[in-house]
Amino acid sequence: MSARTYLLTAGAFTIGTSGYIVSGVLPAVSHELGVSHATAGQLLTAFAIAYALSSPLLAALTGRWERRTLLVVALAVSAVGNLLAAFAPNYPLLLVARVVSALGAAVFTPAATLVATVLSPPDRRGRAVALVFGGLTFSLVLGVPAGNLLGEPLGYQGVFGLIAAVTAVAAVAVRVGLPRVEAPPAVALRERFAPAADRRVITVLVLTVLACLAVFSVFNYIAPLLTATAHVDGLAISLLLVAYGVGGVFGNWAGGRLTDRFETRPVLIVLFSAFTVVLATLPLTMTTVPGAAIALFLWGALTWSANPPIQAWLIALAPQNSGLLLSLNASAIYLGVGLSGVVGGLVISLVGLLPLAPIASVLSVVALGLVVFVLKPQEPKALVVVSPSSGSLAKQWK
């Protein structure tokens, strides 16, 4: 894989860290600003909702921009948002800063995916896309635990300042290291949303929202949850979060392999069944450090292994609009992440922290029900390939 693709991966890593960092610095935000954990969790909600709503709109507005310039501007906006967070003296301003960061992230991720395909030979475009998304996954392995570890000595402002600096460096590297990439054919906003009229597409997008809602309503508050169950803090929590991130990297790889080998529907049924059990039992399995490490690894693996089959299913539903559907799925992911802060905070306020994971598992059961009873099996089996002409994923029948 070329060094240019690794530059895009590094940019994706900074974007992912910026998005997920609240889970790591949540105790520091709560302590320094004097707000509850539930209130601090709404910072992730603000980021995710802003991402979900702005991504398709900004994609349409910037459709004619040269891609390298667009990537640099997106990273610069994200850096400015994190810099604002570093100087935010109170919760409302910190909330605004998170929205600014989200606008940059909403532009960067789809643009980086496209550029990765354009800069790669046809037989390596799929791997290039996987590598870019791997940067987002790796942010869970390193970025979030680092945020938790540095939150105490640096404070939340120091952590956001560090992310701003790293993101600015990434912007300079992209500007220097990437060639000009002309914009693809413009897509009208109405055309962008046209595939959403398909009932099957809507069902899969709802599945994505429910899955992310189940995951992040718990993950947002994982630091205080680990303190309550395993009686750990500081460095121990950071190391346990690494276990979740490593599981996520493994799950992303395994999910792709399973999707290539088996039908997407059976894969999703098995994954959601196992995920529901692991999530529902977290308060019981995370009472010791070894148990928490195993549980978090399994949870991370099952969470991220569902992404490849869901995306493959969407591509199979409308191959000619695959790029648009994946963009909508990205918005659905962040919509679920955004709502998770509200749901998680509400559950904590009403019944406390420990019942949060079992209650969230109910959402996973609903998602499983959609796969079993609503989504019909797709025959014949389909093969995901990459279209050399457009650089986008497409589906061809075996």
# chains A, B, ... in the order shown; residues from 1 in each chain; ligands from 1

$ select_by_dssp --residues "stretch 175-278 of chain A" --states "alpha helix (DSSP H)" --output "VMD selection string"
chain A and resid 175 to 177 189 to 193 199 to 219 222 to 229 235 to 261 264 to 278

$ residues_around --residues "A:Asn307" --least-positions-apart "2" --cutoff "9 Å" --atoms "only C-alpha atoms" --output "ChimeraX atom specification"
/A:208,252,255-256,303-305,309-312

$ write_last_selection --atoms "C-alpha atoms" --output "short mmCIF file (atom, residue, chain, number, x, y, z; two decimals), in the first residue's frame"
data_model
loop_
_atom_site.label_atom_id
_atom_site.label_comp_id
_atom_site.auth_asym_id
_atom_site.auth_seq_id
_atom_site.Cartn_x
_atom_site.Cartn_y
_atom_site.Cartn_z
CA THR A 208 -27.41 0.48 12.04
CA ASN A 252 -13.30 -5.40 11.66
CA GLY A 255 -16.29 -9.39 9.88
CA GLY A 256 -14.93 -8.80 6.39
CA THR A 303 -19.34 -4.57 17.73
CA TRP A 304 -16.99 -3.89 14.84
CA SER A 305 -17.47 -7.22 13.07
CA PRO A 309 -21.89 -7.38 6.55
CA ILE A 310 -24.22 -4.41 7.06
CA GLN A 311 -22.39 -2.41 4.39
CA ALA A 312 -22.32 -5.42 2.07
#

$ residues_around --residues "stretch 130-146 of chain A" --least-positions-apart "6" --cutoff "8 Å" --atoms "only C-alpha atoms" --output "ChimeraX atom specification"
/A:5-6,8-17,20-24,112-113,116,237-239,241-246,248-249

$ write_last_selection --atoms "N, CA, C and O atoms" --output "compact mmCIF listing (two decimals), in the first residue's frame"
# COMPACT_ATOMS: atom_id res chain seq x y z
N THR A 5 -1.75 6.49 0.95
CA THR A 5 -2.89 5.89 1.66
C THR A 5 -2.68 5.94 3.16
O THR A 5 -3.62 6.17 3.94
N TYR A 6 -1.43 5.75 3.59
CA TYR A 6 -1.15 5.83 5.03
C TYR A 6 -1.34 7.25 5.57
O TYR A 6 -1.69 7.43 6.74
N LEU A 8 -3.72 9.23 4.53
CA LEU A 8 -5.17 9.29 4.73
C LEU A 8 -5.57 8.51 5.99
O LEU A 8 -6.48 8.92 6.72
N THR A 9 -4.90 7.40 6.24
CA THR A 9 -5.18 6.61 7.45
C THR A 9 -4.84 7.41 8.70
O THR A 9 -5.59 7.39 9.68
N ALA A 10 -3.71 8.14 8.65
CA ALA A 10 -3.34 8.98 9.79
C ALA A 10 -4.37 10.07 10.02
O ALA A 10 -4.74 10.37 11.17
N GLY A 11 -4.87 10.66 8.93
CA GLY A 11 -5.92 11.66 9.08
C GLY A 11 -7.18 11.06 9.67
O GLY A 11 -7.82 11.67 10.55
N ALA A 12 -7.53 9.85 9.23
CA ALA A 12 -8.71 9.18 9.78
C ALA A 12 -8.52 8.87 11.26
O ALA A 12 -9.47 8.93 12.05
N PHE A 13 -7.28 8.55 11.64
CA PHE A 13 -7.00 8.29 13.06
C PHE A 13 -7.25 9.53 13.91
O PHE A 13 -7.86 9.45 14.98
N THR A 14 -6.79 10.70 13.43
CA THR A 14 -7.02 11.92 14.21
C THR A 14 -8.50 12.26 14.27
O THR A 14 -9.00 12.70 15.31
N ILE A 15 -9.23 12.02 13.17
CA ILE A 15 -10.66 12.28 13.16
C ILE A 15 -11.38 11.35 14.12
O ILE A 15 -12.27 11.76 14.87
N GLY A 16 -11.00 10.05 14.08
CA GLY A 16 -11.63 9.09 14.99
C GLY A 16 -11.35 9.42 16.45
O GLY A 16 -12.24 9.33 17.30
N THR A 17 -10.10 9.79 16.74
CA THR A 17 -9.76 10.16 18.12
C THR A 17 -10.56 11.37 18.57
O THR A 17 -11.06 11.42 19.70
N TYR A 20 -14.21 10.06 19.31
CA TYR A 20 -14.43 9.13 20.42
C TYR A 20 -13.79 9.56 21.73
O TYR A 20 -14.01 8.91 22.75
N ILE A 21 -13.00 10.63 21.71
CA ILE A 21 -12.19 10.98 22.87
C ILE A 21 -13.01 11.27 24.12
O ILE A 21 -12.53 11.11 25.25
N VAL A 22 -14.25 11.70 23.94
CA VAL A 22 -15.08 12.04 25.11
C VAL A 22 -15.21 10.85 26.05
O VAL A 22 -15.24 11.01 27.27
N SER A 23 -15.29 9.64 25.49
CA SER A 23 -15.39 8.45 26.34
C SER A 23 -14.17 8.33 27.25
O SER A 23 -14.27 7.84 28.38
N GLY A 24 -13.01 8.76 26.77
CA GLY A 24 -11.79 8.68 27.56
C GLY A 24 -11.65 9.81 28.58
O GLY A 24 -11.16 9.59 29.69
N ALA A 112 -11.91 11.15 2.18
CA ALA A 112 -10.69 10.34 2.27
C ALA A 112 -10.90 8.96 1.66
O ALA A 112 -10.00 8.40 1.01
N THR A 113 -12.09 8.40 1.84
CA THR A 113 -12.40 7.10 1.25
C THR A 113 -12.33 7.16 -0.27
O THR A 113 -11.75 6.29 -0.93
N ALA A 116 -8.69 7.59 -1.46
CA ALA A 116 -7.95 6.33 -1.33
C ALA A 116 -8.18 5.42 -2.53
O ALA A 116 -7.26 4.76 -3.01
N ILE A 237 -7.94 1.62 33.66
CA ILE A 237 -9.04 1.84 32.71
C ILE A 237 -8.49 2.02 31.31
O ILE A 237 -9.03 1.49 30.33
N SER A 238 -7.39 2.75 31.19
CA SER A 238 -6.78 2.97 29.87
C SER A 238 -6.36 1.64 29.24
O SER A 238 -6.59 1.40 28.05
N LEU A 239 -5.75 0.77 30.03
CA LEU A 239 -5.33 -0.53 29.51
C LEU A 239 -6.53 -1.40 29.13
O LEU A 239 -6.50 -2.13 28.13
N LEU A 241 -9.39 -0.26 28.09
CA LEU A 241 -9.92 0.30 26.85
C LEU A 241 -9.10 -0.15 25.63
O LEU A 241 -9.63 -0.28 24.53
N VAL A 242 -7.82 -0.40 25.85
CA VAL A 242 -7.00 -0.96 24.78
C VAL A 242 -7.53 -2.34 24.38
O VAL A 242 -7.57 -2.69 23.20
N ALA A 243 -7.95 -3.12 25.38
CA ALA A 243 -8.51 -4.45 25.09
C ALA A 243 -9.74 -4.32 24.19
O ALA A 243 -9.92 -5.11 23.25
N TYR A 244 -10.59 -3.35 24.46
CA TYR A 244 -11.76 -3.13 23.61
C TYR A 244 -11.32 -2.74 22.19
O TYR A 244 -11.85 -3.25 21.20
N GLY A 245 -10.36 -1.84 22.09
CA GLY A 245 -9.90 -1.39 20.78
C GLY A 245 -9.25 -2.50 19.97
O GLY A 245 -9.49 -2.63 18.77
N VAL A 246 -8.44 -3.34 20.63
CA VAL A 246 -7.82 -4.47 19.93
C VAL A 246 -8.91 -5.42 19.44
O VAL A 246 -8.85 -5.94 18.32
N GLY A 248 -11.86 -4.52 18.61
CA GLY A 248 -12.49 -3.85 17.47
C GLY A 248 -11.71 -4.04 16.19
O GLY A 248 -12.28 -4.28 15.12
N VAL A 249 -10.38 -3.94 16.27
CA VAL A 249 -9.53 -4.15 15.08
C VAL A 249 -9.69 -5.58 14.58
O VAL A 249 -9.85 -5.83 13.37

$ residues_around --residues "A:Ser36" --least-positions-apart "6" --cutoff "10 Å" --atoms "only C-alpha atoms" --output "number ranges by chain"
A: 26-27, 29-30, 345, 349

$ closest_residue --among "A:Leu296, A:Met286, A:Val174, A:Leu363" --to "A:Leu240" --atoms "only C-alpha atoms"
A:Leu296

$ decode --residues "stretch 199-216 of chain A" --atoms "C-alpha atoms" --output "PDB file, in the first residue's frame"
ATOM      1  CA  ARG A 199     -38.114   0.068   2.496  1.00  0.00           C
ATOM      2  CA  ARG A 200     -35.275  -2.458   2.680  1.00  0.00           C
ATOM      3  CA  VAL A 201     -32.685   0.311   2.772  1.00  0.00           C
ATOM      4  CA  ILE A 202     -34.602   2.073   5.532  1.00  0.00           C
ATOM      5  CA  THR A 203     -34.697  -1.165   7.525  1.00  0.00           C
ATOM      6  CA  VAL A 204     -30.941  -1.669   7.262  1.00  0.00           C
ATOM      7  CA  LEU A 205     -30.306   1.957   8.254  1.00  0.00           C
ATOM      8  CA  VAL A 206     -32.593   1.514  11.276  1.00  0.00           C
ATOM      9  CA  LEU A 207     -30.585  -1.614  12.101  1.00  0.00           C
ATOM     10  CA  THR A 208     -27.406   0.478  12.039  1.00  0.00           C
ATOM     11  CA  VAL A 209     -28.932   3.125  14.312  1.00  0.00           C
ATOM     12  CA  LEU A 210     -30.120   0.512  16.833  1.00  0.00           C
ATOM     13  CA  ALA A 211     -26.762  -1.279  16.865  1.00  0.00           C
ATOM     14  CA  CYS A 212     -24.816   1.940  17.467  1.00  0.00           C
ATOM     15  CA  LEU A 213     -27.343   3.068  20.054  1.00  0.00           C
ATOM     16  CA  ALA A 214     -26.890  -0.191  21.968  1.00  0.00           C
ATOM     17  CA  VAL A 215     -23.095   0.025  21.824  1.00  0.00           C
ATOM     18  CA  PHE A 216     -22.437   3.658  22.605  1.00  0.00           C
TER      19      PHE A 216
END
